[in-house]
file upload11.txt (compact mmCIF, C-alpha atoms)
# COMPACT_ATOMS: atom_id res chain seq x y z
CA MET A 1 -9.76 8.36 62.18
CA PRO A 2 -12.50 8.95 59.55
CA GLU A 3 -11.24 9.14 55.97
CA ALA A 4 -12.49 12.72 55.65
CA MET A 5 -10.27 13.73 58.56
CA GLU A 6 -7.12 12.11 57.24
CA LYS A 7 -4.19 14.36 56.44
CA THR A 8 -3.90 15.36 52.79
CA ILE A 9 -0.84 13.81 51.13
CA ALA A 10 1.28 16.51 49.48
CA ILE A 11 2.83 15.23 46.25
CA LEU A 12 5.67 16.49 44.07
CA LEU A 13 5.69 15.10 40.53
CA LEU A 14 9.09 14.89 38.82
CA ASP A 15 8.79 13.88 35.16
CA ASP A 16 10.16 15.60 32.05
CA HIS A 17 7.07 14.85 29.91
CA ALA A 18 4.69 17.78 30.36
CA LEU A 19 1.70 15.96 28.84
CA PHE A 20 2.10 13.04 31.26
CA ARG A 21 2.47 15.43 34.21
CA GLU A 22 -0.64 17.38 33.29
CA SER A 23 -2.72 14.25 32.80
CA LEU A 24 -1.56 12.76 36.09
CA VAL A 25 -2.12 16.01 37.97
CA ARG A 26 -5.74 16.14 36.76
CA PHE A 27 -6.30 12.56 37.89
CA LEU A 28 -4.68 12.98 41.30
CA HIS A 29 -6.53 16.22 42.04
CA ALA A 30 -9.77 14.26 41.71
CA GLU A 31 -8.58 11.69 44.27
CA PRO A 32 -9.60 12.37 47.90
CA GLY A 33 -6.70 13.06 50.22
CA LEU A 34 -4.14 13.61 47.45
CA GLU A 35 -2.78 17.00 46.37
CA VAL A 36 -0.05 17.74 43.82
CA VAL A 37 1.71 20.77 45.29
CA ALA A 38 4.29 21.03 42.50
CA GLN A 39 5.25 19.46 39.19
CA CYS A 40 8.80 19.62 37.86
CA GLY A 41 10.71 18.56 34.77
CA SER A 42 14.23 18.49 36.24
CA ILE A 43 16.06 17.38 39.37
CA GLU A 44 17.32 20.90 40.03
CA GLU A 45 13.82 22.36 39.92
CA ALA A 46 12.49 19.62 42.22
CA LEU A 47 15.24 20.19 44.77
CA ARG A 48 14.40 23.90 44.83
CA VAL A 49 10.76 23.05 45.51
CA LEU A 50 11.75 20.78 48.41
CA GLU A 51 13.63 23.69 49.97
CA ARG A 52 10.45 25.73 50.32
CA ARG A 53 7.53 23.29 50.32
CA GLN A 54 6.41 20.49 52.61
CA VAL A 55 6.19 17.35 50.47
CA ASP A 56 5.09 13.91 51.67
CA VAL A 57 5.65 11.86 48.51
CA VAL A 58 7.77 12.48 45.42
CA LEU A 59 6.70 10.66 42.25
CA LEU A 60 9.98 10.19 40.39
CA ASP A 61 10.49 9.25 36.75
CA LEU A 62 13.92 7.81 35.92
CA ASP A 63 14.20 9.07 32.34
CA LEU A 64 14.61 12.83 32.69
CA GLY A 65 16.11 13.60 29.30
CA LYS A 66 19.74 14.57 29.83
CA HIS A 67 19.65 13.41 33.44
CA ASN A 68 19.04 10.10 35.16
CA GLY A 69 16.44 10.14 37.92
CA THR A 70 18.50 7.69 39.98
CA GLN A 71 20.54 10.73 41.07
CA PHE A 72 17.57 12.32 42.80
CA PRO A 73 17.09 10.21 45.97
CA SER A 74 20.62 10.74 47.29
CA SER A 75 20.52 14.45 46.41
CA ALA A 76 17.17 14.90 48.16
CA LYS A 77 18.42 13.02 51.22
CA GLN A 78 21.56 15.18 51.41
CA GLN A 79 19.31 18.24 51.29
CA GLY A 80 17.32 16.92 54.27
CA PHE A 81 14.21 15.58 52.56
CA GLY A 82 12.45 13.22 54.96
CA GLY A 83 9.45 12.22 52.86
CA LYS A 84 8.84 9.19 50.67
CA ILE A 85 9.96 8.57 47.09
CA LEU A 86 7.90 6.41 44.74
CA VAL A 87 9.56 5.75 41.40
CA VAL A 88 7.02 5.89 38.53
CA THR A 89 8.70 4.63 35.40
CA ALA A 90 8.24 2.81 32.11
CA GLY A 91 11.24 0.61 32.78
CA VAL A 92 14.01 -0.09 35.26
CA ASP A 93 16.68 -2.76 35.28
CA GLN A 94 17.57 -4.86 38.31
CA ASN A 95 20.80 -2.99 39.00
CA GLN A 96 19.02 0.37 38.96
CA ALA A 97 16.34 -1.06 41.25
CA ALA A 98 18.99 -2.25 43.72
CA GLU A 99 20.65 1.18 43.68
CA LEU A 100 17.34 2.95 44.23
CA ILE A 101 16.41 0.68 47.14
CA HIS A 102 19.85 1.31 48.65
CA ASP A 103 19.10 5.06 48.42
CA GLY A 104 15.90 4.60 50.43
CA ILE A 105 13.01 4.75 47.98
CA SER A 106 9.68 3.34 49.15
CA GLY A 107 8.58 1.70 45.94
CA ILE A 108 8.73 1.26 42.17
CA PHE A 109 5.52 1.66 40.15
CA MET A 110 5.46 0.68 36.48
CA LYS A 111 3.62 3.08 34.15
CA HIS A 112 1.73 0.28 32.42
CA HIS A 113 -0.28 -0.25 35.61
CA SER A 114 -3.58 1.57 36.18
CA ALA A 115 -3.96 5.08 37.55
CA ALA A 116 -6.20 3.74 40.32
CA LEU A 117 -3.40 1.44 41.46
CA LEU A 118 -0.99 4.39 41.47
CA ALA A 119 -3.30 6.32 43.81
CA GLN A 120 -3.30 3.34 46.17
CA ALA A 121 0.49 3.02 45.91
CA ILE A 122 0.87 6.68 46.88
CA ARG A 123 -1.32 6.19 49.93
CA ASP A 124 0.57 3.03 50.86
CA VAL A 125 4.03 4.60 50.81
CA ALA A 126 2.77 7.75 52.54
CA ASN A 127 1.55 5.50 55.37
CA GLY A 128 4.88 3.74 55.74
CA LYS A 129 4.33 0.70 53.54
CA VAL A 130 6.42 -0.29 50.53
CA PHE A 131 5.31 -0.94 46.96
CA PHE A 132 7.51 -3.21 44.84
CA ASP A 133 6.86 -5.54 41.96
CA GLN A 134 7.88 -8.88 43.43
CA ARG A 135 9.72 -10.14 40.34
CA LEU A 136 11.68 -6.91 40.10
CA LEU A 137 12.53 -7.04 43.82
CA GLN A 138 13.77 -10.62 43.55
CA ALA A 139 15.87 -9.71 40.50
CA ALA A 140 17.37 -6.77 42.39
CA MET A 141 18.23 -9.04 45.30
CA ALA A 142 19.89 -11.50 42.92
CA ALA A 143 21.89 -8.71 41.27
CA THR A 144 23.07 -7.46 44.66
CA ALA A 145 24.04 -10.97 45.73
CA ARG A 146 26.18 -11.44 42.62
CA ARG A 147 28.23 -8.30 43.14
CA THR A 148 28.66 -8.30 46.93
CA PRO A 149 30.43 -10.90 49.09
CA PRO A 150 28.26 -12.85 51.53
CA SER A 151 27.82 -11.17 54.89
CA ARG A 152 27.15 -12.82 58.21
CA PRO A 153 24.00 -11.19 59.52
CA GLU A 154 22.15 -12.27 62.59
CA GLN A 155 19.96 -15.24 61.76
CA PHE A 156 16.28 -14.54 61.14
CA THR A 157 13.75 -16.87 62.75
CA PRO A 158 11.21 -18.64 60.50
CA ARG A 159 8.47 -16.27 61.72
CA GLU A 160 10.67 -13.22 61.02
CA ARG A 161 11.39 -14.45 57.49
CA GLN A 162 7.67 -15.08 56.99
CA VAL A 163 6.70 -11.58 58.12
CA LEU A 164 9.52 -10.03 56.11
CA SER A 165 8.32 -11.73 52.94
CA PHE A 166 4.90 -10.12 53.41
CA VAL A 167 6.51 -6.74 54.09
CA PHE A 168 8.15 -7.11 50.68
CA GLU A 169 4.68 -7.63 49.22
CA GLY A 170 3.55 -4.33 50.73
CA LEU A 171 1.03 -5.80 53.16
CA ALA A 172 -0.13 -3.95 56.27
CA ASN A 173 0.18 -5.52 59.73
CA LYS A 174 -3.49 -6.52 59.79
CA GLU A 175 -3.18 -8.19 56.39
CA ILE A 176 -0.04 -10.06 57.45
CA ALA A 177 -1.79 -11.23 60.62
CA GLY A 178 -4.62 -12.64 58.53
CA ARG A 179 -2.22 -14.46 56.20
CA ILE A 180 -0.33 -16.25 58.99
CA ASP A 181 -3.26 -16.55 61.43
CA VAL A 182 -1.81 -14.60 64.36
CA SER A 183 -2.82 -11.41 66.13
CA GLU A 184 -1.90 -8.00 64.76
CA SER A 185 0.05 -7.33 67.97
CA SER A 186 2.12 -10.45 67.28
CA VAL A 187 3.00 -9.11 63.83
CA LYS A 188 3.97 -5.75 65.37
CA ALA A 189 6.22 -7.55 67.85
CA THR A 190 7.92 -9.51 65.07
CA LEU A 191 8.48 -6.30 63.11
CA GLN A 192 10.06 -4.71 66.16
CA GLN A 193 12.41 -7.70 66.36
CA LEU A 194 13.32 -7.24 62.70
CA PHE A 195 13.91 -3.52 63.22
CA ALA A 196 16.15 -4.27 66.20
CA LYS A 197 18.16 -6.93 64.36
CA THR A 198 18.70 -4.75 61.29
CA GLY A 199 19.06 -1.38 63.04
CA THR A 200 16.17 0.11 61.06
CA HIS A 201 13.03 2.07 61.90
CA THR A 202 10.84 1.93 58.78
CA ARG A 203 9.73 -0.72 56.31
CA ALA A 204 11.61 0.93 53.45
CA GLN A 205 14.81 0.83 55.50
CA LEU A 206 14.10 -2.79 56.40
CA VAL A 207 13.78 -3.74 52.73
CA ARG A 208 17.04 -1.95 51.94
CA VAL A 209 19.01 -3.66 54.70
CA ALA A 210 17.50 -7.05 53.95
CA LEU A 211 18.41 -6.57 50.30
CA GLU A 212 22.00 -5.67 51.09
CA GLN A 213 22.86 -7.84 54.09
CA HIS A 214 20.31 -10.58 54.62
CA LYS A 215 19.36 -11.74 51.14
CA HIS A 216 20.75 -15.25 51.64
CA LYS A 217 18.74 -15.66 54.87
CA ILE A 218 15.32 -14.69 53.47
call {"tool": "encode", "arguments": {"input": "upload11.txt", "output": "structure tokens"}}
result
Amino acid sequence: MPEAMEKTIAILLLDDHALFRESLVRFLHAEPGLEVVAQCGSIEEALRVLERRQVDVVLLDLDLGKHNGTQFPSSAKQQGFGGKILVVTAGVDQNQAAELIHDGISGIFMKHHSAALLAQAIRDVANGKVFFDQRLLQAAMAATARRTPPSRPEQFTPRERQVLSFVFEGLANKEIAGRIDVSESSVKATLQQLFAKTGTHTRAQLVRVALEQHKHKI
């Protein structure tokens, strides 16, 4: 499908700093295919917006003044929100990251990265990919492993572990195929095997389950 015909990604921005919101809104409005349909400074306001607006991606800050943004994903899910959540933050510890992944977010973007990279991250998560800093993801996996007893998941094959590692890096099927020198259809088949083994349907869900249940097999 030509880029001009692609569906516009509707974005909700949740951040308590008005100056940051306004600056980011101006930037995103200039990006093709991206539209900020609402900007909010509190969880309550954002949840009200989700009740009446179609939103594809929520950009979520964790430091919301009196409130912690980690509360938002579970609240949005309980309300029936089926879109993607990309955390955009100045800092997050490994335990918070593990909690957020458990709650189904699609990525964590650090504010010290460029605005252009944020635009790409939004497009990635809207299209079903994940966006995680690899060091942060590994630290979150280690934190989860320390506080949960080992499980006995179904063994991943070497190819499944290989594909899963590239999913963690946020690569698309075509990119993964190029890395391991197989066809794109082969990568799709391996992903279907991973979905079946973990009982998941999306990459974000796959990352969450792998983090919680399969970390010692990856």
call {"tool": "closest_residue", "arguments": {"input": "upload11.txt", "among": "A:Val55, A:Ala139, A:Val182, A:Ile43", "to": "Asn68 of chain A", "atoms": "only C-alpha atoms"}}
result
A:Ile43
call {"tool": "residues_around", "arguments": {"input": "upload11.txt", "residues": "segment 16-18 of chain A", "least_positions_apart": "5", "cutoff": "7 Å", "atoms": "all atoms listed in the file", "output": "PyMOL selection string"}}
result
chain A and resi 41-42+64-65
call {"tool": "atom_distance", "arguments": {"input": "upload11.txt", "atom1": "atom CA of Val36 of chain A", "atom2": "atom CA of Ala10 of chain A"}}
result
5.9 Å
call {"tool": "residues_near_point", "arguments": {"input": "upload11.txt", "point": "(2.5, 4.5, 30.7)", "cutoff": "8 Å", "atoms": "all atoms listed in the file", "output": "list in words"}}
result
Thr89, Ala90, Met110, Lys111, His112 and His113 of chain A
call {"tool": "atom_distance", "arguments": {"input": "upload11.txt", "atom1": "atom CA of Gln94 of chain A", "atom2": "atom CA of Gly170 of chain A"}}
result
18.7 Å
call {"tool": "closest_residue", "arguments": {"input": "upload11.txt", "among": "A:Pro32, A:Pro158, A:Gly69, A:Gly107", "to": "Asp124 of chain A", "atoms": "only C-alpha atoms"}}
result
A:Gly107
